[in-house]
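Coordinates as given in coords.csv (CSV, C-alpha atoms and all ligand atoms):
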chain,number,residue,atom,x,y,z
A,1,MET,CA,6.0,8.7,-16.8
A,2,ALA,CA,7.2,6.9,-13.7
A,3,LEU,CA,5.7,4.8,-10.9
A,4,TYR,CA,6.3,5.9,-7.3
A,5,ALA,CA,5.2,4.3,-4.0
A,6,LEU,CA,5.0,5.4,-0.4
A,7,GLY,CA,3.1,3.9,2.5
A,8,ASP,CA,2.0,4.7,6.1
A,9,MET,CA,1.3,8.4,5.9
A,10,HIS,CA,-0.8,8.1,9.1
A,11,LEU,CA,-2.3,11.5,8.7
A,12,SER,CA,-4.3,13.2,11.4
A,13,PHE,CA,-5.5,16.6,10.3
A,14,GLN,CA,-8.8,16.0,12.1
A,15,SER,CA,-7.6,14.4,15.2
A,16,ASP,CA,-5.1,15.0,17.9
A,17,LYS,CA,-3.0,11.9,17.2
A,18,ASN,CA,0.5,13.1,17.3
A,19,MET,CA,3.0,10.8,15.6
A,20,ASP,CA,6.1,12.6,17.2
A,21,ILE,CA,6.0,10.0,20.1
A,22,PHE,CA,7.2,7.4,17.5
A,23,GLY,CA,10.5,9.3,17.0
A,24,ARG,CA,12.1,12.3,15.3
A,25,VAL,CA,11.4,10.9,11.8
A,26,TRP,CA,7.7,11.6,12.4
A,27,HIS,CA,8.1,15.3,13.3
A,28,LYS,CA,6.1,17.3,10.9
A,29,HIS,CA,6.1,14.3,8.6
A,30,GLU,CA,3.1,15.6,6.6
A,31,LYS,CA,5.3,18.6,5.5
A,32,LYS,CA,8.0,16.2,4.4
A,33,ILE,CA,5.5,14.2,2.4
A,34,GLU,CA,4.2,17.3,0.7
A,35,LYS,CA,7.7,18.7,-0.1
A,36,ASN,CA,9.1,15.3,-1.3
A,37,CYS,CA,6.1,14.5,-3.5
A,38,ASN,CA,6.0,17.9,-5.1
A,39,LYS,CA,9.7,17.7,-5.8
A,40,LEU,CA,9.7,14.2,-7.3
A,41,ILE,CA,6.3,13.4,-8.8
A,42,THR,CA,4.6,15.0,-11.7
A,43,ASP,CA,1.0,14.7,-12.9
A,44,GLU,CA,2.1,12.3,-15.6
A,45,ASP,CA,3.3,9.9,-12.9
A,46,THR,CA,1.5,7.2,-11.0
A,47,PHE,CA,1.8,7.2,-7.2
A,48,VAL,CA,0.7,4.1,-5.3
A,49,ILE,CA,0.0,5.0,-1.6
A,50,VAL,CA,0.4,1.7,0.2
A,51,GLY,CA,-2.1,1.9,3.1
A,52,ASP,CA,-2.4,3.4,6.6
A,53,HIS,CA,-3.5,6.7,5.2
A,54,THR,CA,-5.4,8.2,8.1
A,55,TRP,CA,-6.3,7.9,11.8
A,56,GLY,CA,-9.8,9.1,11.0
A,57,ARG,CA,-12.3,6.5,12.1
A,58,ASP,CA,-14.8,7.1,9.3
A,59,LEU,CA,-15.1,9.1,6.1
A,60,GLU,CA,-16.3,12.2,7.9
A,61,HIS,CA,-13.2,12.2,10.2
A,62,CYS,CA,-10.7,11.6,7.5
A,63,HIS,CA,-12.0,14.1,5.0
A,64,ASP,CA,-9.1,16.5,5.4
A,65,ASP,CA,-6.5,13.7,5.3
A,66,LEU,CA,-7.9,12.4,2.0
A,67,GLU,CA,-8.1,16.0,0.6
A,68,PHE,CA,-4.4,16.3,1.5
A,69,ILE,CA,-3.7,13.2,-0.5
A,70,CYS,CA,-5.9,14.4,-3.4
A,71,ASN,CA,-3.7,17.6,-3.6
A,72,LEU,CA,-0.5,15.6,-4.0
A,73,PRO,CA,0.8,15.3,-7.6
A,74,GLY,CA,0.2,12.3,-9.9
A,75,ARG,CA,-2.4,9.7,-10.4
A,76,LYS,CA,-2.9,8.4,-6.9
A,77,ILE,CA,-3.8,4.7,-6.4
A,78,MET,CA,-4.8,3.9,-2.8
A,79,LEU,CA,-4.2,0.5,-1.1
A,80,ARG,CA,-6.1,-0.4,2.1
A,81,GLY,CA,-4.0,-0.5,5.4
A,82,ASN,CA,-5.0,-2.0,8.7
A,83,HIS,CA,-5.7,1.4,10.2
A,84,ASP,CA,-7.9,2.6,7.3
A,85,MET,CA,-11.3,2.3,9.1
A,86,PHE,CA,-13.0,4.6,6.6
A,87,TRP,CA,-12.6,1.9,3.9
A,88,ASN,CA,-15.1,-1.0,4.0
A,89,PRO,CA,-13.6,-3.3,1.4
A,90,LYS,CA,-17.1,-4.3,0.3
A,91,LYS,CA,-17.9,-0.7,-0.5
A,92,THR,CA,-14.8,0.2,-2.6
A,93,GLU,CA,-16.9,1.1,-5.6
A,94,LYS,CA,-18.6,3.8,-3.5
A,95,LEU,CA,-15.3,5.3,-2.6
A,96,ASN,CA,-14.2,5.2,-6.3
A,97,ALA,CA,-17.4,7.0,-7.2
A,98,LEU,CA,-17.0,9.6,-4.4
A,99,TYR,CA,-13.4,10.4,-5.3
A,100,LYS,CA,-13.8,9.9,-9.1
A,101,ASP,CA,-10.8,11.1,-11.1
A,102,ARG,CA,-9.1,12.2,-7.9
A,103,LEU,CA,-8.2,8.9,-6.1
A,104,TYR,CA,-8.2,5.4,-7.3
A,105,PHE,CA,-9.0,2.7,-4.7
A,106,LEU,CA,-7.4,-0.7,-5.4
A,107,GLN,CA,-9.5,-3.6,-4.1
A,108,ASN,CA,-10.8,-6.6,-6.2
A,109,ASN,CA,-9.8,-4.5,-9.3
A,110,PHE,CA,-6.5,-3.4,-11.0
A,111,TYR,CA,-5.1,-0.3,-12.6
A,112,PRO,CA,-3.0,-0.3,-15.8
A,113,TYR,CA,0.5,1.2,-15.8
A,114,GLY,CA,1.9,0.9,-19.4
A,115,ASP,CA,2.1,-2.8,-20.2
A,116,TYR,CA,1.7,-3.7,-16.5
A,117,ALA,CA,-1.2,-4.3,-14.3
A,118,ILE,CA,-1.0,-2.8,-10.8
A,119,VAL,CA,-2.7,-5.4,-8.5
A,120,GLY,CA,-3.0,-5.6,-4.8
A,121,THR,CA,-4.7,-6.0,-1.5
A,122,LYS,CA,-4.0,-5.3,2.2
A,123,GLY,CA,-2.5,-8.7,2.9
A,124,TYR,CA,-1.9,-10.1,6.4
A,125,CYS,CA,0.8,-11.8,8.3
A,126,TYR,CA,1.1,-13.3,11.8
A,127,GLU,CA,2.6,-10.8,14.3
A,128,GLY,CA,2.0,-12.6,17.5
A,129,LYS,CA,-1.2,-10.5,18.2
A,130,ASP,CA,-3.7,-13.2,17.4
A,131,THR,CA,-3.9,-17.0,17.1
A,132,ILE,CA,-2.2,-18.8,14.2
A,133,GLU,CA,-5.7,-20.1,13.2
A,134,HIS,CA,-7.1,-16.5,13.1
A,135,ALA,CA,-4.1,-15.3,11.1
A,136,ASP,CA,-4.5,-18.1,8.6
A,137,MET,CA,-8.2,-17.2,8.1
A,138,LEU,CA,-7.3,-13.5,7.4
A,139,VAL,CA,-4.5,-14.6,5.0
A,140,ASP,CA,-6.9,-16.8,3.1
A,141,ARG,CA,-9.5,-13.9,2.9
A,142,GLU,CA,-6.8,-11.6,1.6
A,143,ILE,CA,-5.5,-14.2,-0.9
A,144,LYS,CA,-9.1,-14.4,-2.3
A,145,ARG,CA,-9.2,-10.6,-2.7
A,146,LEU,CA,-5.8,-10.6,-4.3
A,147,ARG,CA,-6.8,-13.3,-6.8
A,148,LYS,CA,-9.8,-11.2,-7.8
A,149,SER,CA,-7.4,-8.4,-8.6
A,150,PHE,CA,-5.2,-10.7,-10.7
A,151,ASP,CA,-8.3,-12.2,-12.4
A,152,ALA,CA,-9.6,-8.7,-13.4
A,153,ALA,CA,-6.2,-7.8,-14.9
A,154,THR,CA,-5.8,-11.2,-16.7
A,155,GLU,CA,-9.3,-10.9,-18.1
A,156,ALA,CA,-8.4,-7.5,-19.5
A,157,GLY,CA,-5.4,-9.1,-21.3
A,158,TYR,CA,-2.5,-8.2,-18.9
A,159,ASP,CA,0.3,-10.7,-18.2
A,160,LYS,CA,2.8,-8.4,-16.5
A,161,PHE,CA,2.2,-7.5,-12.9
A,162,ILE,CA,3.4,-5.3,-10.1
A,163,MET,CA,1.9,-6.5,-6.8
A,164,PHE,CA,1.2,-4.3,-3.8
A,165,LEU,CA,0.5,-5.4,-0.2
A,166,HIS,CA,0.1,-3.2,2.9
A,167,TYR,CA,1.4,-6.0,5.2
A,168,PRO,CA,4.7,-7.6,4.5
A,169,PRO,CA,4.4,-10.7,2.3
A,170,THR,CA,5.9,-13.0,5.0
A,171,ASN,CA,6.1,-12.9,8.8
A,172,ILE,CA,9.5,-12.8,10.5
A,173,PHE,CA,9.7,-16.7,10.7
A,174,GLU,CA,8.9,-17.2,7.0
A,175,LYS,CA,10.8,-17.1,3.7
A,176,LYS,CA,7.7,-18.3,1.8
A,177,SER,CA,4.0,-17.6,2.2
A,178,LYS,CA,0.8,-17.8,0.2
A,179,PHE,CA,1.6,-14.3,-1.0
A,180,THR,CA,5.0,-15.2,-2.4
A,181,VAL,CA,3.6,-18.3,-3.9
A,182,ILE,CA,0.8,-16.4,-5.8
A,183,ALA,CA,3.4,-13.7,-6.9
A,184,GLU,CA,5.6,-16.4,-8.3
A,185,ALA,CA,2.7,-18.2,-10.0
A,186,TYR,CA,1.7,-15.0,-11.9
A,187,GLY,CA,5.3,-14.1,-12.7
A,188,VAL,CA,5.1,-10.8,-10.8
A,189,GLU,CA,8.1,-8.6,-11.3
A,190,GLN,CA,8.0,-6.6,-8.1
A,191,VAL,CA,6.2,-6.9,-4.7
A,192,ILE,CA,5.9,-3.7,-2.8
A,193,TYR,CA,4.8,-3.5,0.8
A,194,ALA,CA,4.7,-1.2,3.8
A,195,HIS,CA,3.4,-1.4,7.5
A,196,CYS,CA,6.8,-2.1,9.2
A,197,HIS,CA,7.7,0.8,11.5
A,198,GLY,CA,10.9,1.5,13.3
A,199,LYS,CA,14.3,0.1,12.4
A,200,ASP,CA,13.7,-3.0,14.5
A,201,ARG,CA,10.9,-4.0,12.1
A,202,TRP,CA,12.4,-3.0,8.7
A,203,ASN,CA,14.0,-6.4,8.2
A,204,ASP,CA,10.9,-8.4,9.2
A,205,SER,CA,10.3,-9.7,5.7
A,206,ILE,CA,11.9,-10.1,2.3
A,207,LEU,CA,14.0,-7.2,0.9
A,208,GLY,CA,15.6,-7.3,-2.6
A,209,MET,CA,15.6,-10.2,-5.1
A,210,ASN,CA,14.0,-13.5,-4.1
A,211,ASN,CA,13.1,-16.2,-6.6
A,212,GLY,CA,13.2,-13.7,-9.5
A,213,ILE,CA,11.0,-11.1,-7.8
A,214,LYS,CA,12.2,-7.8,-6.4
A,215,TYR,CA,10.7,-7.0,-2.9
A,216,SER,CA,10.7,-3.5,-1.6
A,217,LEU,CA,9.6,-1.9,1.7
A,218,VAL,CA,8.0,1.5,1.3
A,219,SER,CA,6.8,2.4,4.8
A,220,GLY,CA,7.0,6.2,5.4
A,221,ASP,CA,9.5,6.2,8.3
A,222,PHE,CA,11.8,3.7,6.4
A,223,LEU,CA,12.0,6.1,3.5
A,224,ASP,CA,11.9,9.3,5.6
A,225,PHE,CA,8.7,10.1,3.7
A,226,LYS,CA,10.4,10.3,0.3
A,227,PRO,CA,8.4,8.3,-2.3
A,228,VAL,CA,10.5,5.7,-4.0
A,229,LYS,CA,10.6,5.2,-7.8
A,230,ILE,CA,9.4,1.6,-8.6
A,231,MET,CA,9.9,1.9,-12.4
A,232,ASP,CA,10.1,4.4,-15.3
A,301,FE,FE,1.4,1.9,9.5
A,302,FE,FE,-0.1,-1.0,9.0

Please express the file's structure as structure tokens.
Amino acid sequence: MALYALGDMHLSFQSDKNMDIFGRVWHKHEKKIEKNCNKLITDEDTFVIVGDHTWGRDLEHCHDDLEFICNLPGRKIMLRGNHDMFWNPKKTEKLNALYKDRLYFLQNNFYPYGDYAIVGTKGYCYEGKDTIEHADMLVDREIKRLRKSFDAATEAGYDKFIMFLHYPPTNIFEKKSKFTVIAEAYGVEQVIYAHCHGKDRWNDSILGMNNGIKYSLVSGDFLDFKPVKIMD
């Protein structure tokens, strides 16, 4: 039994979005995902897929992308990314019913992994695209959602946590954020995030140990689409 993670598949089986314009690493990236997952992951493993799954604008237009993910090995836990338009966070239960026993959508809930609770939410950080006030509002909304995930796990008796975010936990100016503070408050062992594309962005946030927590970036192009083992 092992826990793996990979983010930012950006699949487009039902659209003409070609990721090749973003660099060689994206050429036939879905083939790399399929090959690497089948080589590394077994059906006894858990695979957290850390957001930006699809370019499809709604469920109908991402059916084939989600089927591709369903056919990857392991118990697949899905986190919401900023491009996942098919996923209304208020209707997560509906998605969980629709993909029952095939995909597990993580929002306001948690999933067990041995003694650990897998908790998470999309997160948010200021990237210079909106006002600081708007970014703060989105961060607060995501913190509320993350707290619900922690509460659900705590109520079920869990006190060991692995925390997933799609966005990096801090923006490029910060070493500390509301996300690092909550992770430290709950004694989280690892924080795993994605979203950062291109080598100029891979160092945007915390990598490695920080205040007793291990931070890992798992965006697809950073890992050349090879899922990383988070723990045995
Ligand atoms: Fe992405
Ligand atoms: Fe993203």

Checklist entry - Which polymer residues have any atom within 6 Å of an atom of stretch 169-183 of chain A, counting all atoms listed in the file, with same-chain residues fewer than 4 positions away left out, as a PyMOL selection string? => result chain A and resi 125-126+188+204-205

Limited to C-alpha atoms, could you put the picked residues into a file as an mmCIF file, in the frame of the given file?
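Here's the written file part_32.cif:
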data_model
loop_
_atom_site.group_PDB
_atom_site.id
_atom_site.type_symbol
_atom_site.label_atom_id
_atom_site.label_comp_id
_atom_site.auth_asym_id
_atom_site.auth_seq_id
_atom_site.Cartn_x
_atom_site.Cartn_y
_atom_site.Cartn_z
ATOM 1 C CA CYS A 125 0.800 -11.800 8.300
ATOM 2 C CA TYR A 126 1.100 -13.300 11.800
ATOM 3 C CA VAL A 188 5.100 -10.800 -10.800
ATOM 4 C CA ASP A 204 10.900 -8.400 9.200
ATOM 5 C CA SER A 205 10.300 -9.700 5.700
#

Next on the checklist: Given all atoms listed in the file as the basis, pick out the residue of A:Ala117, A:Val50, A:Ala156, A:Leu59 nearest to ligand FE 302 (chain A).
Outcome noted: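 Comparing A:Ala117, A:Val50, A:Ala156, A:Leu59 against ligand FE 302 (chain A), the winner is A:Val50.
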
Next on the checklist: Please return as a ChimeraX atom specification the residues found within 9 Å of ligand FE 302 (chain A), counting all atoms listed in the file.
Outcome noted: /A:7-8,51-52,81-84,122,166-167,194-197,219

Item to check | Local residues around (-17.9, -3.3, -8.7), at most 9 Å away, using all atoms listed in the file, as an MDAnalysis selection string | outcome: chainID A and resid 91:94 108:109

Pick out the residues sitting within 12 Å of A:Asn96, and hand them over as an mmCIF file with C-alpha atoms, keeping the file's coordinate frame; count all atoms listed in the file, and ignore anything fewer than 5 positions along from it in its own chain.
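Dumped everything to out29.cif:
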data_model
loop_
_atom_site.group_PDB
_atom_site.id
_atom_site.type_symbol
_atom_site.label_atom_id
_atom_site.label_comp_id
_atom_site.auth_asym_id
_atom_site.auth_seq_id
_atom_site.Cartn_x
_atom_site.Cartn_y
_atom_site.Cartn_z
ATOM 1 C CA LYS A 76 -2.900 8.400 -6.900
ATOM 2 C CA ILE A 77 -3.800 4.700 -6.400
ATOM 3 C CA MET A 78 -4.800 3.900 -2.800
ATOM 4 C CA TRP A 87 -12.600 1.900 3.900
ATOM 5 C CA PRO A 89 -13.600 -3.300 1.400
ATOM 6 C CA LYS A 90 -17.100 -4.300 0.300
ATOM 7 C CA LYS A 91 -17.900 -0.700 -0.500
ATOM 8 C CA ASP A 101 -10.800 11.100 -11.100
ATOM 9 C CA ARG A 102 -9.100 12.200 -7.900
ATOM 10 C CA LEU A 103 -8.200 8.900 -6.100
ATOM 11 C CA TYR A 104 -8.200 5.400 -7.300
ATOM 12 C CA PHE A 105 -9.000 2.700 -4.700
ATOM 13 C CA LEU A 106 -7.400 -0.700 -5.400
ATOM 14 C CA GLN A 107 -9.500 -3.600 -4.100
ATOM 15 C CA ASN A 109 -9.800 -4.500 -9.300
#

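With only C-alpha atoms taken into account, every residue lying no more than 7 Å from the file point (-5.7, 13.7, 10.5) is included here: Leu11, Ser12, Phe13, Gln14, Ser15, Thr54, Trp55, Gly56, Cys62, Asp64 and Asp65 of chain A.
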
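With all atoms listed in the file as the atoms that count, the minimum distance from A:Asn38 to the choices A:Leu72, A:Gly128, A:Leu95, A:Arg57 is reached by A:Leu72.
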
Checklist entry - How far is it from atom CA of A:Ile132 to atom CA of A:Met85, in Å with one decimal? => result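 If I compute the distance from atom CA of A:Ile132 to atom CA of A:Met85, I get 23.5 Å.
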
Checklist entry - Within 6 Å of stretch 142-150 of chain A, counting only C-alpha atoms, which residues qualify if same-chain residues fewer than 6 places away don't, as a PyMOL selection string? => result chain A and resi 108-110+119-121+123

Checklist entry - Quick one: of A:Tyr113, A:Met209, A:Leu217, A:Gln190, who's nearest to ligand FE 301 (chain A), counting only C-alpha atoms and all ligand atoms? => result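 Among A:Tyr113, A:Met209, A:Leu217, A:Gln190, it is A:Leu217 that comes nearest to ligand FE 301 (chain A).
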
Checklist entry - atom CA of A:Tyr4 and atom CA of A:Tyr116, how far apart in Å? => result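 Taking atom CA of A:Tyr116 as the start and atom CA of A:Tyr4 as the end point, the length is 14.1 Å.
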
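Atom to atom, atom CA of A:Gly74 and atom CA of A:Asp115 stand 18.4 Å apart.
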
Next on the checklist: Considering only C-alpha atoms, can you say which of A:Pro227, A:Met163, A:Asp136, A:Val218 comes closest to A:Lys39?
Outcome noted: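 Residue with the minimum atom-to-atom distance to A:Lys39: A:Pro227.
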
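Closest approach to ligand FE 301 (chain A) among A:Ile21, A:Leu223, A:Met9, A:Ile118: A:Met9, based on all atoms listed in the file.
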
Checklist entry - Which is closer to A:Ile230 than all the others in A:Asp45, A:Glu60, A:Glu155, A:Asp20, using only C-alpha atoms? => result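 Of all the options, A:Asp45 lies closest to A:Ile230.
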
Can you complete the atoms of stretch 149-165 of chain A to N, CA and C atoms and list them as a PDB file, in the frame of the given file?
ATOM      1  N   SER A 149      -8.133  -9.463  -7.950  1.00  0.00           N
ATOM      2  CA  SER A 149      -7.400  -8.400  -8.600  1.00  0.00           C
ATOM      3  C   SER A 149      -6.600  -8.943  -9.795  1.00  0.00           C
ATOM      4  N   PHE A 150      -5.920 -10.084  -9.595  1.00  0.00           N
ATOM      5  CA  PHE A 150      -5.200 -10.700 -10.700  1.00  0.00           C
ATOM      6  C   PHE A 150      -6.184 -11.158 -11.808  1.00  0.00           C
ATOM      7  N   ASP A 151      -7.342 -11.717 -11.412  1.00  0.00           N
ATOM      8  CA  ASP A 151      -8.300 -12.200 -12.400  1.00  0.00           C
ATOM      9  C   ASP A 151      -8.805 -11.018 -13.268  1.00  0.00           C
ATOM     10  N   ALA A 152      -9.090  -9.884 -12.626  1.00  0.00           N
ATOM     11  CA  ALA A 152      -9.600  -8.700 -13.400  1.00  0.00           C
ATOM     12  C   ALA A 152      -8.523  -8.264 -14.387  1.00  0.00           C
ATOM     13  N   ALA A 153      -7.259  -8.259 -13.969  1.00  0.00           N
ATOM     14  CA  ALA A 153      -6.200  -7.800 -14.900  1.00  0.00           C
ATOM     15  C   ALA A 153      -5.970  -8.838 -15.996  1.00  0.00           C
ATOM     16  N   THR A 154      -6.013 -10.123 -15.657  1.00  0.00           N
ATOM     17  CA  THR A 154      -5.800 -11.200 -16.700  1.00  0.00           C
ATOM     18  C   THR A 154      -6.941 -11.139 -17.694  1.00  0.00           C
ATOM     19  N   GLU A 155      -8.186 -10.975 -17.224  1.00  0.00           N
ATOM     20  CA  GLU A 155      -9.300 -10.900 -18.100  1.00  0.00           C
ATOM     21  C   GLU A 155      -9.214  -9.726 -19.098  1.00  0.00           C
ATOM     22  N   ALA A 156      -8.561  -8.660 -18.645  1.00  0.00           N
ATOM     23  CA  ALA A 156      -8.400  -7.500 -19.500  1.00  0.00           C
ATOM     24  C   ALA A 156      -7.158  -7.626 -20.410  1.00  0.00           C
ATOM     25  N   GLY A 157      -6.481  -8.791 -20.335  1.00  0.00           N
ATOM     26  CA  GLY A 157      -5.400  -9.100 -21.300  1.00  0.00           C
ATOM     27  C   GLY A 157      -3.984  -8.798 -20.735  1.00  0.00           C
ATOM     28  N   TYR A 158      -3.863  -8.470 -19.469  1.00  0.00           N
ATOM     29  CA  TYR A 158      -2.500  -8.200 -18.900  1.00  0.00           C
ATOM     30  C   TYR A 158      -1.829  -9.457 -18.464  1.00  0.00           C
ATOM     31  N   ASP A 159      -0.505  -9.524 -18.724  1.00  0.00           N
ATOM     32  CA  ASP A 159       0.300 -10.700 -18.200  1.00  0.00           C
ATOM     33  C   ASP A 159       1.560 -10.213 -17.536  1.00  0.00           C
ATOM     34  N   LYS A 160       1.674  -8.908 -17.293  1.00  0.00           N
ATOM     35  CA  LYS A 160       2.800  -8.400 -16.500  1.00  0.00           C
ATOM     36  C   LYS A 160       2.251  -7.657 -15.305  1.00  0.00           C
ATOM     37  N   PHE A 161       2.827  -7.970 -14.143  1.00  0.00           N
ATOM     38  CA  PHE A 161       2.200  -7.500 -12.900  1.00  0.00           C
ATOM     39  C   PHE A 161       3.189  -6.856 -11.938  1.00  0.00           C
ATOM     40  N   ILE A 162       2.713  -5.811 -11.264  1.00  0.00           N
ATOM     41  CA  ILE A 162       3.400  -5.300 -10.100  1.00  0.00           C
ATOM     42  C   ILE A 162       2.387  -5.433  -8.951  1.00  0.00           C
ATOM     43  N   MET A 163       2.827  -6.095  -7.880  1.00  0.00           N
ATOM     44  CA  MET A 163       1.900  -6.500  -6.800  1.00  0.00           C
ATOM     45  C   MET A 163       2.145  -5.648  -5.540  1.00  0.00           C
ATOM     46  N   PHE A 164       1.073  -5.074  -4.998  1.00  0.00           N
ATOM     47  CA  PHE A 164       1.200  -4.300  -3.800  1.00  0.00           C
ATOM     48  C   PHE A 164       0.435  -4.931  -2.623  1.00  0.00           C
ATOM     49  N   LEU A 165       1.074  -4.905  -1.441  1.00  0.00           N
ATOM     50  CA  LEU A 165       0.500  -5.400  -0.200  1.00  0.00           C
ATOM     51  C   LEU A 165       0.725  -4.304   0.852  1.00  0.00           C
TER      52      LEU A 165
END
